[in-house]
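my_file21.csv, holding CSV, C-alpha atoms:
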```
chain,number,residue,atom,x,y,z
A,1,MET,CA,195.9,111.3,168.6
A,2,ALA,CA,196.1,108.8,171.4
A,3,ALA,CA,197.2,111.6,173.7
A,4,GLU,CA,194.1,113.6,172.8
A,5,ILE,CA,191.8,110.7,173.8
A,6,VAL,CA,193.6,110.2,177.1
A,7,ARG,CA,193.4,114.0,177.6
A,8,ARG,CA,189.7,114.0,177.1
A,9,VAL,CA,189.3,111.2,179.7
A,10,GLN,CA,191.5,113.2,182.1
A,11,LEU,CA,189.3,116.2,181.6
A,12,MET,CA,186.3,114.0,182.6
A,13,GLU,CA,188.0,113.1,186.0
A,14,GLY,CA,185.7,115.6,187.6
A,15,MET,CA,182.7,113.4,186.9
A,16,ALA,CA,184.1,110.8,189.3
A,17,GLU,CA,185.3,113.3,191.9
A,18,ASN,CA,181.7,114.6,192.4
A,19,LYS,CA,180.5,111.2,193.6
A,20,ALA,CA,181.1,111.9,197.2
A,21,ASP,CA,178.4,110.0,198.9
A,22,SER,CA,178.5,106.6,197.2
A,23,CYS,CA,180.2,104.5,194.5
A,24,VAL,CA,177.4,103.0,192.6
A,25,LEU,CA,178.7,101.4,189.4
A,26,ASP,CA,175.8,102.5,187.2
A,27,ASP,CA,176.2,106.1,188.3
A,28,VAL,CA,179.9,106.4,187.6
A,29,VAL,CA,180.6,104.4,184.4
A,30,VAL,CA,180.5,106.5,181.4
A,31,SER,CA,178.4,105.0,178.6
A,32,GLU,CA,179.3,105.0,175.0
A,33,GLU,CA,176.7,107.6,174.3
A,34,GLU,CA,178.0,109.9,177.1
A,35,MET,CA,181.6,109.4,175.9
A,36,GLU,CA,180.5,110.3,172.3
A,37,ARG,CA,178.7,113.5,173.5
A,38,ALA,CA,181.8,114.4,175.6
A,39,LEU,CA,184.1,113.9,172.6
A,40,CYS,CA,181.7,116.0,170.4
A,41,VAL,CA,182.6,119.0,172.5
A,42,LEU,CA,186.2,118.6,171.4
A,43,SER,CA,185.6,117.3,167.9
A,44,GLY,CA,184.1,120.7,167.0
A,45,SER,CA,187.5,122.3,167.7
A,46,ASP,CA,190.9,121.9,166.1
A,47,ALA,CA,193.2,119.7,168.2
A,48,GLN,CA,196.3,120.3,166.1
A,49,ASN,CA,196.4,124.1,165.3
A,50,CYS,CA,196.0,127.0,167.6
A,51,SER,CA,192.7,128.7,166.9
A,52,TYR,CA,194.3,132.2,167.3
A,53,SER,CA,194.8,132.6,163.5
A,54,ARG,CA,191.0,132.2,163.0
A,55,GLY,CA,190.3,135.3,165.1
A,56,TYR,CA,187.3,135.3,167.5
A,57,VAL,CA,185.9,131.9,166.8
A,58,LYS,CA,182.2,131.6,166.8
A,59,ARG,CA,182.2,128.7,169.3
A,60,GLN,CA,185.0,126.5,170.5
A,61,ALA,CA,186.2,124.4,173.4
A,62,VAL,CA,188.0,126.7,175.9
A,63,PHE,CA,190.3,125.8,178.8
A,64,ALA,CA,192.1,127.6,181.6
A,65,CYS,CA,195.6,126.8,182.9
A,66,ASN,CA,195.8,127.2,186.7
A,67,THR,CA,199.6,126.6,186.4
A,68,CYS,CA,200.3,129.6,184.1
A,69,THR,CA,197.4,131.9,185.2
A,70,PRO,CA,196.4,131.1,188.7
A,71,SER,CA,193.3,132.6,190.3
A,72,ALA,CA,195.1,135.7,191.6
A,73,ALA,CA,196.3,136.6,188.1
A,74,GLU,CA,194.3,138.1,185.3
A,75,PRO,CA,191.9,135.4,183.8
A,76,ALA,CA,192.9,133.9,180.4
A,77,GLY,CA,191.6,131.1,178.2
A,78,ILE,CA,193.4,128.7,175.8
A,79,CYS,CA,192.2,126.6,172.9
A,80,LEU,CA,192.1,122.8,172.6
A,81,ALA,CA,195.4,122.6,170.6
A,82,CYS,CA,197.3,124.7,173.2
A,83,ALA,CA,195.8,122.7,176.1
A,84,ASN,CA,197.3,119.6,174.5
A,85,LYS,CA,200.6,120.9,173.2
A,86,CYS,CA,201.7,124.0,175.1
A,87,HIS,CA,200.2,123.2,178.5
A,88,ASP,CA,200.7,119.4,178.6
A,89,GLY,CA,201.2,118.3,182.2
A,90,HIS,CA,199.8,121.6,183.6
A,91,ASP,CA,196.8,122.0,185.9
A,92,ILE,CA,194.1,122.4,183.3
A,93,PHE,CA,190.4,122.8,183.8
A,94,GLU,CA,187.8,122.7,181.1
A,95,LEU,CA,185.3,125.6,180.6
A,96,TYR,CA,183.2,123.6,178.1
A,97,THR,CA,182.6,126.0,175.1
A,98,LYS,CA,182.7,129.7,174.8
A,99,ARG,CA,181.4,131.9,171.9
A,100,ASN,CA,183.4,134.6,170.1
A,101,PHE,CA,186.7,133.8,171.9
A,102,ARG,CA,190.3,134.1,170.7
A,103,CYS,CA,193.1,132.0,172.3
A,104,ASP,CA,195.2,133.8,174.9
A,105,CYS,CA,198.0,131.3,175.1
A,106,GLY,CA,201.4,133.1,175.2
A,107,ASN,CA,200.1,136.6,175.3
A,108,SER,CA,200.9,139.2,177.9
A,109,LYS,CA,198.8,137.4,180.5
A,110,PHE,CA,201.2,134.5,180.5
A,111,GLY,CA,204.4,136.5,181.2
A,112,ASP,CA,207.4,134.9,179.6
A,113,PHE,CA,205.5,131.8,178.6
A,114,GLN,CA,205.3,131.5,174.8
A,115,CYS,CA,202.8,129.7,172.7
A,116,GLN,CA,204.5,126.8,170.8
A,117,LEU,CA,202.0,126.8,168.0
A,118,THR,CA,201.5,130.5,167.2
A,119,THR,CA,204.2,132.8,168.5
A,120,ALA,CA,203.0,136.1,167.0
A,121,LYS,CA,200.0,137.3,169.0
A,122,ASP,CA,198.5,140.5,170.3
A,123,ALA,CA,199.3,141.4,173.9
A,124,GLU,CA,195.6,141.0,174.7
A,125,ASN,CA,192.3,140.0,173.1
A,126,ALA,CA,190.1,143.0,173.8
A,127,ARG,CA,186.9,141.3,172.6
A,128,ASN,CA,187.2,138.3,174.8
A,129,HIS,CA,184.7,138.1,177.7
A,130,TYR,CA,185.9,136.7,181.0
A,131,SER,CA,183.9,135.6,184.0
A,132,HIS,CA,184.7,133.9,187.3
A,133,ASN,CA,184.6,130.6,185.3
A,134,PHE,CA,188.2,131.4,184.2
A,135,ARG,CA,189.2,131.2,187.8
A,136,GLY,CA,187.5,127.9,188.3
A,137,LEU,CA,184.4,129.4,190.0
A,138,TYR,CA,180.8,129.0,189.0
A,139,CYS,CA,177.2,129.8,189.9
A,140,THR,CA,175.9,132.7,192.1
A,141,CYS,CA,177.5,130.9,195.0
A,142,ASP,CA,181.0,131.5,193.4
A,143,ARG,CA,182.2,128.0,194.2
A,144,PRO,CA,184.5,125.6,192.3
A,145,TYR,CA,183.3,122.5,190.5
A,146,PRO,CA,183.8,119.8,191.6
A,147,ASP,CA,183.4,121.3,195.1
A,148,VAL,CA,184.9,119.0,197.8
A,149,ASP,CA,183.1,120.9,200.5
A,150,ASP,CA,179.7,120.4,198.9
A,151,ARG,CA,178.1,117.1,199.9
A,152,GLU,CA,174.9,117.6,197.9
A,153,ASP,CA,174.7,115.8,194.6
A,154,ASP,CA,173.4,118.6,192.4
A,155,GLU,CA,173.8,119.0,188.7
A,156,MET,CA,175.0,122.2,187.1
A,157,ILE,CA,173.2,123.8,184.1
A,158,GLN,CA,174.7,126.4,181.7
A,159,CYS,CA,173.0,129.7,180.9
A,160,VAL,CA,172.9,130.1,177.1
A,161,ILE,CA,173.5,133.8,177.3
A,162,CYS,CA,176.2,134.5,180.0
A,163,GLU,CA,177.5,130.9,179.6
A,164,ASP,CA,178.0,130.6,183.4
A,165,TRP,CA,177.1,127.3,185.1
A,166,PHE,CA,174.6,127.2,188.0
A,167,HIS,CA,173.6,124.6,190.6
A,168,SER,CA,170.0,123.7,190.0
A,169,ARG,CA,169.2,124.6,193.6
A,170,HIS,CA,170.4,128.2,193.0
A,171,LEU,CA,168.3,128.9,189.9
A,172,GLY,CA,165.4,130.3,191.8
A,173,CYS,CA,162.9,128.0,190.2
A,174,PRO,CA,161.8,124.4,190.3
A,175,VAL,CA,163.9,122.2,188.0
A,176,VAL,CA,162.1,119.2,186.4
A,177,GLU,CA,163.9,116.6,184.3
A,178,PRO,CA,162.8,117.6,180.7
A,179,GLU,CA,161.7,115.0,178.2
A,180,GLU,CA,163.2,117.1,175.4
A,181,LEU,CA,166.3,119.2,175.1
A,182,GLN,CA,166.0,122.6,176.5
A,183,GLU,CA,168.0,125.9,176.9
A,184,MET,CA,168.2,127.9,180.1
A,185,VAL,CA,168.5,131.6,180.7
A,186,CYS,CA,169.4,132.7,184.2
A,187,GLU,CA,167.4,135.4,186.0
A,188,ALA,CA,170.2,138.0,185.7
A,189,CYS,CA,170.3,137.6,181.9
A,190,MET,CA,166.5,137.7,181.7
A,191,ASN,CA,166.6,141.1,183.5
A,192,ARG,CA,169.3,142.4,181.3
A,193,THR,CA,167.1,141.8,178.3
A,194,PRO,CA,163.6,142.6,179.7
A,195,SER,CA,161.7,141.7,176.5
A,196,LEU,CA,162.6,138.1,177.0
A,197,TRP,CA,160.0,138.0,179.9
A,198,THR,CA,157.3,138.6,177.3
A,199,TYR,CA,158.5,135.8,175.2
A,200,ALA,CA,158.8,133.6,178.3
A,201,ALA,CA,155.1,134.1,179.1
A,202,HIS,CA,154.2,132.6,175.7
A,203,PHE,CA,156.9,130.0,174.9
A,204,ALA,CA,158.9,129.0,178.0
A,205,VAL,CA,158.1,126.4,180.6
A,206,PRO,CA,156.4,126.1,183.0
A,207,PRO,CA,152.9,127.3,182.2
A,208,VAL,CA,152.3,131.0,182.6
A,209,ILE,CA,149.6,133.1,184.5
A,210,SER,CA,147.0,134.4,182.2
A,211,VAL,CA,145.8,138.0,182.6
A,212,SER,CA,142.7,139.3,180.9
A,213,ARG,CA,143.3,141.1,177.7
A,214,PRO,CA,142.4,144.8,177.6
A,215,GLU,CA,139.6,145.8,175.3
A,216,LYS,CA,141.1,149.2,174.4
A,217,GLU,CA,144.6,150.7,174.3
A,218,VAL,CA,147.1,148.6,176.2
A,219,GLU,CA,148.4,150.3,179.3
A,220,VAL,CA,152.0,149.4,179.9
A,221,GLU,CA,152.7,148.7,183.6
A,222,GLU,CA,155.7,150.4,185.1
A,223,GLU,CA,157.6,147.1,185.5
A,224,GLU,CA,157.4,146.6,181.8
A,225,GLN,CA,158.9,149.9,180.9
A,226,GLY,CA,162.2,148.4,179.9
A,227,GLU,CA,160.7,146.0,177.4
A,228,THR,CA,158.3,148.6,176.0
A,229,GLU,CA,161.3,150.8,175.2
A,230,GLU,CA,162.8,147.9,173.3
A,231,ALA,CA,159.6,147.5,171.2
A,232,HIS,CA,159.1,151.3,170.7
A,233,GLU,CA,157.9,152.1,167.2
A,234,CYS,CA,159.0,148.7,165.9
A,235,SER,CA,155.9,148.5,163.7
A,236,GLN,CA,156.5,151.9,162.2
A,237,SER,CA,158.5,152.8,159.2
A,238,ALA,CA,161.8,154.7,159.5
A,239,ASP,CA,160.5,156.9,156.6
A,240,GLU,CA,156.8,157.3,157.2
A,241,GLU,CA,154.2,156.7,159.9
A,242,PRO,CA,151.1,154.5,159.2
A,243,SER,CA,147.7,156.3,159.1
A,244,THR,CA,145.3,156.1,162.0
A,245,SER,CA,143.0,153.9,160.0
A,246,ASP,CA,145.9,151.6,159.1
A,247,ALA,CA,146.9,151.3,162.7
A,248,LYS,CA,143.4,150.4,163.8
A,249,ARG,CA,143.2,147.7,161.1
A,250,GLU,CA,146.5,146.3,162.3
A,251,GLU,CA,145.3,146.3,165.9
A,252,VAL,CA,142.2,144.3,165.0
A,253,ALA,CA,144.3,141.9,163.0
A,254,ASP,CA,146.7,141.5,165.9
A,255,ARG,CA,143.9,140.7,168.3
A,256,SER,CA,142.1,138.3,166.1
A,257,SER,CA,145.3,136.3,165.3
A,258,PRO,CA,148.1,137.5,167.5
A,259,CYS,CA,150.4,134.4,167.1
A,260,LYS,CA,150.1,134.0,163.3
A,261,ARG,CA,152.2,135.5,160.6
A,262,THR,CA,151.0,136.9,157.3
A,263,HIS,CA,151.0,134.7,154.3
A,264,GLU,CA,153.6,136.9,152.7
A,265,GLN,CA,155.9,136.4,155.7
A,266,MET,CA,155.6,132.6,155.5
A,267,THR,CA,155.9,132.3,151.7
A,268,GLY,CA,159.4,131.3,150.5
A,269,GLY,CA,161.2,132.1,147.3
A,270,ALA,CA,161.8,135.3,145.5
A,271,ALA,CA,158.1,136.2,145.3
A,272,GLY,CA,157.6,135.7,149.0
A,273,ALA,CA,160.7,137.7,149.8
A,274,ALA,CA,159.5,140.6,147.6
A,275,ALA,CA,156.0,140.5,149.1
A,276,ALA,CA,157.5,140.5,152.6
A,277,LYS,CA,159.6,143.5,151.7
A,278,ALA,CA,156.6,145.3,150.3
A,279,VAL,CA,154.6,145.0,153.6
A,280,SER,CA,157.6,145.4,156.0
A,281,LYS,CA,156.7,149.0,156.7
A,282,SER,CA,153.2,148.2,158.0
A,283,VAL,CA,153.5,144.8,159.7
A,284,ALA,CA,153.6,144.9,163.5
A,285,CYS,CA,156.6,143.5,165.3
A,286,ARG,CA,156.3,140.1,167.0
A,287,LEU,CA,157.1,141.5,170.4
A,288,LYS,CA,154.3,144.1,170.3
A,289,GLU,CA,151.8,141.4,169.1
A,290,LEU,CA,152.7,139.3,172.2
A,291,GLN,CA,152.5,142.2,174.6
A,292,VAL,CA,148.9,143.0,173.4
A,293,GLN,CA,147.8,139.5,174.4
A,294,GLY,CA,148.4,140.3,178.1
A,295,LEU,CA,150.0,137.0,179.1
A,296,LYS,CA,152.4,137.4,182.0
A,297,ARG,CA,154.6,135.3,184.3
A,298,PRO,CA,156.5,136.2,187.5
A,299,ARG,CA,159.8,137.9,186.8
A,300,GLN,CA,161.7,135.6,189.1
A,301,GLY,CA,164.1,132.7,188.7
A,302,ALA,CA,165.8,131.2,185.7
A,303,VAL,CA,163.7,130.4,182.6
A,304,PHE,CA,163.8,127.1,180.7
A,305,TRP,CA,162.9,127.2,177.0
A,306,PRO,CA,162.1,124.5,174.4
A,307,TYR,CA,165.0,124.2,171.9
A,308,SER,CA,163.1,126.0,169.1
A,309,TRP,CA,162.3,129.1,171.1
A,310,ARG,CA,164.8,131.4,169.3
A,311,SER,CA,162.8,131.1,166.1
A,312,GLU,CA,160.0,132.9,167.9
A,313,LEU,CA,162.0,136.1,168.5
A,314,CYS,CA,161.0,139.2,166.5
A,315,THR,CA,163.5,140.1,163.9
A,316,CYS,CA,162.2,143.5,162.9
A,317,THR,CA,164.9,146.2,162.5
A,318,ASN,CA,164.3,147.9,165.9
A,319,CYS,CA,164.2,144.6,167.8
A,320,LYS,CA,167.5,143.6,166.1
A,321,ARG,CA,169.0,146.9,167.4
A,322,THR,CA,167.9,146.1,170.9
A,323,TYR,CA,169.6,142.7,170.7
A,324,VAL,CA,172.8,144.3,169.6
A,325,ALA,CA,172.6,146.9,172.3
A,326,ALA,CA,172.1,144.1,174.9
A,327,GLU,CA,174.9,142.0,173.3
A,328,VAL,CA,172.6,139.1,172.7
A,329,GLN,CA,172.3,139.2,168.9
A,330,PHE,CA,173.6,135.6,168.8
A,331,LEU,CA,170.1,134.6,169.9
A,332,MET,CA,168.9,135.1,166.3
A,333,ASP,CA,171.5,132.6,165.1
A,334,GLN,CA,170.3,129.0,165.3
A,335,SER,CA,173.9,127.8,164.6
A,336,ASP,CA,175.0,129.4,167.9
A,337,THR,CA,173.5,126.6,170.0
A,338,ILE,CA,175.5,123.9,171.6
A,339,LEU,CA,173.6,121.2,169.7
A,340,ALA,CA,174.5,122.8,166.4
A,341,TYR,CA,178.2,123.0,167.5
A,342,GLU,CA,178.3,119.3,168.5
A,343,ASN,CA,176.5,118.2,165.3
A,344,LYS,CA,179.0,120.2,163.2
A,345,GLY,CA,181.8,118.4,165.1
A,346,LEU,CA,180.5,115.1,164.0
A,347,GLU,CA,179.8,116.1,160.5
A,348,GLU,CA,182.9,118.1,159.8
A,349,PRO,CA,185.3,116.5,159.4
A,350,PHE,CA,184.3,113.3,161.2
A,351,GLY,CA,180.7,112.3,160.2
A,352,GLN,CA,181.0,109.3,162.4
A,353,HIS,CA,181.9,108.2,165.9
A,354,PRO,CA,184.9,110.4,166.9
A,355,LEU,CA,187.1,107.5,168.0
A,356,VAL,CA,186.6,105.8,164.7
A,357,ALA,CA,187.2,109.0,162.7
A,358,LEU,CA,190.5,109.7,164.6
A,359,MET,CA,191.8,106.4,163.3
A,360,SER,CA,190.7,106.7,159.7
A,361,SER,CA,193.8,108.5,158.6
A,362,MET,CA,196.3,106.2,160.5
A,363,ASP,CA,198.1,103.2,159.2
A,364,ARG,CA,197.3,99.7,160.6
A,365,VAL,CA,200.1,99.8,163.3
A,366,GLN,CA,198.8,103.1,164.6
A,367,GLN,CA,195.2,101.9,164.6
A,368,LEU,CA,196.2,98.9,166.6
A,369,GLU,CA,198.1,101.0,169.1
A,370,ILE,CA,195.0,103.2,169.6
A,371,ILE,CA,192.7,100.2,170.0
A,372,TYR,CA,195.0,98.5,172.5
A,373,GLY,CA,195.5,101.8,174.4
A,374,PHE,CA,191.8,102.6,174.6
A,375,ASN,CA,190.9,99.1,175.6
A,376,GLU,CA,193.6,99.2,178.3
A,377,LEU,CA,192.3,102.5,179.5
A,378,THR,CA,188.7,101.3,179.6
A,379,THR,CA,189.6,98.1,181.4
A,380,SER,CA,191.6,100.0,184.0
A,381,ILE,CA,188.8,102.5,184.7
A,382,TYR,CA,186.3,99.6,185.2
A,383,ALA,CA,188.8,97.9,187.5
A,384,LEU,CA,189.2,101.0,189.6
A,385,ILE,CA,185.4,101.5,189.9
A,386,ASP,CA,184.8,97.8,190.7
A,387,GLN,CA,187.5,97.9,193.4
A,388,CYS,CA,186.0,101.0,195.0
A,389,ALA,CA,182.5,99.5,194.8
A,390,ALA,CA,183.6,96.2,196.3
A,391,GLU,CA,185.4,98.0,199.2
A,392,GLY,CA,182.6,100.4,199.7
A,393,LYS,CA,184.9,103.4,199.1
A,394,THR,CA,184.3,106.7,197.5
A,395,ILE,CA,186.2,107.6,194.3
A,396,THR,CA,188.3,110.6,195.6
A,397,TYR,CA,190.4,113.1,193.7
A,398,GLU,CA,193.5,111.4,195.1
A,399,ALA,CA,192.4,108.0,193.8
A,400,VAL,CA,191.7,109.3,190.3
A,401,HIS,CA,195.0,111.3,190.3
A,402,GLN,CA,197.0,108.2,191.4
A,403,PHE,CA,195.2,106.1,188.7
A,404,PHE,CA,196.4,108.3,185.9
A,405,GLU,CA,199.9,108.5,187.4
A,406,GLU,CA,200.1,104.7,187.3
A,407,LEU,CA,198.9,104.8,183.7
A,408,ARG,CA,201.6,107.2,182.8
A,409,ALA,CA,204.2,105.2,184.6
A,410,ARG,CA,203.2,102.0,182.7
A,411,LYS,CA,203.4,104.0,179.4
A,412,ARG,CA,206.9,105.3,180.3
A,413,SER,CA,208.0,101.7,181.1
A,414,ARG,CA,206.8,100.4,177.8
A,415,MET,CA,208.5,103.3,175.9
A,416,ASN,CA,211.8,102.8,177.7
A,417,ALA,CA,211.7,99.1,177.1
A,418,GLY,CA,211.2,99.8,173.4
A,419,TYR,CA,214.4,101.8,173.2
A,420,GLN,CA,216.5,99.1,174.9
```

What does the file become when written as structure tokens?
Amino acid sequence: MAAEIVRRVQLMEGMAENKADSCVLDDVVVSEEEMERALCVLSGSDAQNCSYSRGYVKRQAVFACNTCTPSAAEPAGICLACANKCHDGHDIFELYTKRNFRCDCGNSKFGDFQCQLTTAKDAENARNHYSHNFRGLYCTCDRPYPDVDDREDDEMIQCVICEDWFHSRHLGCPVVEPEELQEMVCEACMNRTPSLWTYAAHFAVPPVISVSRPEKEVEVEEEEQGETEEAHECSQSADEEPSTSDAKREEVADRSSPCKRTHEQMTGGAAGAAAAKAVSKSVACRLKELQVQGLKRPRQGAVFWPYSWRSELCTCTNCKRTYVAAEVQFLMDQSDTILAYENKGLEEPFGQHPLVALMSSMDRVQQLEIIYGFNELTTSIYALIDQCAAEGKTITYEAVHQFFEELRARKRSRMNAGYQ
């Protein structure tokens, strides 16, 4: 367990490496809240057992080993347990979390290297999706992070669809520090799912440009052809078509209250479900309702969404089909979000601060070892930062690397002394 804590701090070395212009104490020291959040990313994954046996895991922490699969080789990803056990001492970089991924450790991409936790594995995981992230590259600029050649202090933001990371200056839109948690969808992913631009006009930030609503039949512009195809006949039944009079009544209802749902849709319980099923053939889809309103926004740049935006997506049968065709069906799943994953990591099996939970199953001697080790690590990190601040030096990669080498040397000395 102690090794896992140290490993997590080692994975956070990049936070210090990116401080190239200055060494301000408040900017570098990791607060307890930040440490807890960082540990939550790992606490949602199994640190002891290879995740391969669980199949394509809905979401888990994923790593890449530059020692075993360098950038020139075919990309591969490994789970938390394999990063700790099989690749201890290797050049590991963290990919944060990935959805629907199965651990590659020890498969054909690793040559003769065998997974120490699960030996029987398929040669390849055909359903895994790999991007340039697995080669340590990010953003549209295709650069590493931290980037020693980049002197601009710029945060990176992850797209919730493609899961790539982007410099804020390369998003193609102004980035304002939000007051509440938001999700970002990059421009490329927006264009791959054109209907999202309609939702963005109504629910995303910043404010949208209002276009006058047509009085009669809505004429779809050529640029909206992609999203119109997605909404085609969403409001019609697969078995029967609504009458002309019914369609007119629906159109009037849509225009008078386009953002509201029927009482039957909002009613819970068995009666509400039965009523919703009874009117499912005549109710217009959410996407079509929004298109009728005529709100638009420029189709340029990344889009930032309030955290509850997924609940606004239409879930009629035809819209669901378009999500599946575009491979974004996970947008309908609220538990797909990073926040849901981190909360689950705290609640199952921890339910408390990860450091405290890790010690709950240990005896007193082991608990004291963890406490002493963590205190020593914290004290040493503060000492390194204080020294750099006093000398006016930048915390470089070499300094961080040397720092952890000295920690390992002191640990080996104590272990050797214990056997004498």

Interatomic distance (Å, one decimal) between CA of Val303 (chain A) and CA of Ala204 (chain A):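 For CA of Val303 (chain A) relative to CA of Ala204 (chain A), the distance reads 6.8 Å.
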
Polymer residues at most 7 Å from region 306-318 of chain A, only C-alpha atoms, same-chain spacing of 3 or more positions, as number ranges by chain: A: 181-183, 203-204, 234, 285-287, 321-322, 331-332

Length of the CA of Ile157 (chain A) to CA of Met190 (chain A) vector [Å]: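 The value is 15.6 Å.
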
Contacts of Glu327 (chain A) at 12 Å (all atoms listed in the file; same-chain gap of 5+ positions) as a list in words: Asn100, His129, Ile161, Cys162, Cys189, Arg192, Thr193, Lys320, Arg321, Thr322 and Met332 of chain A
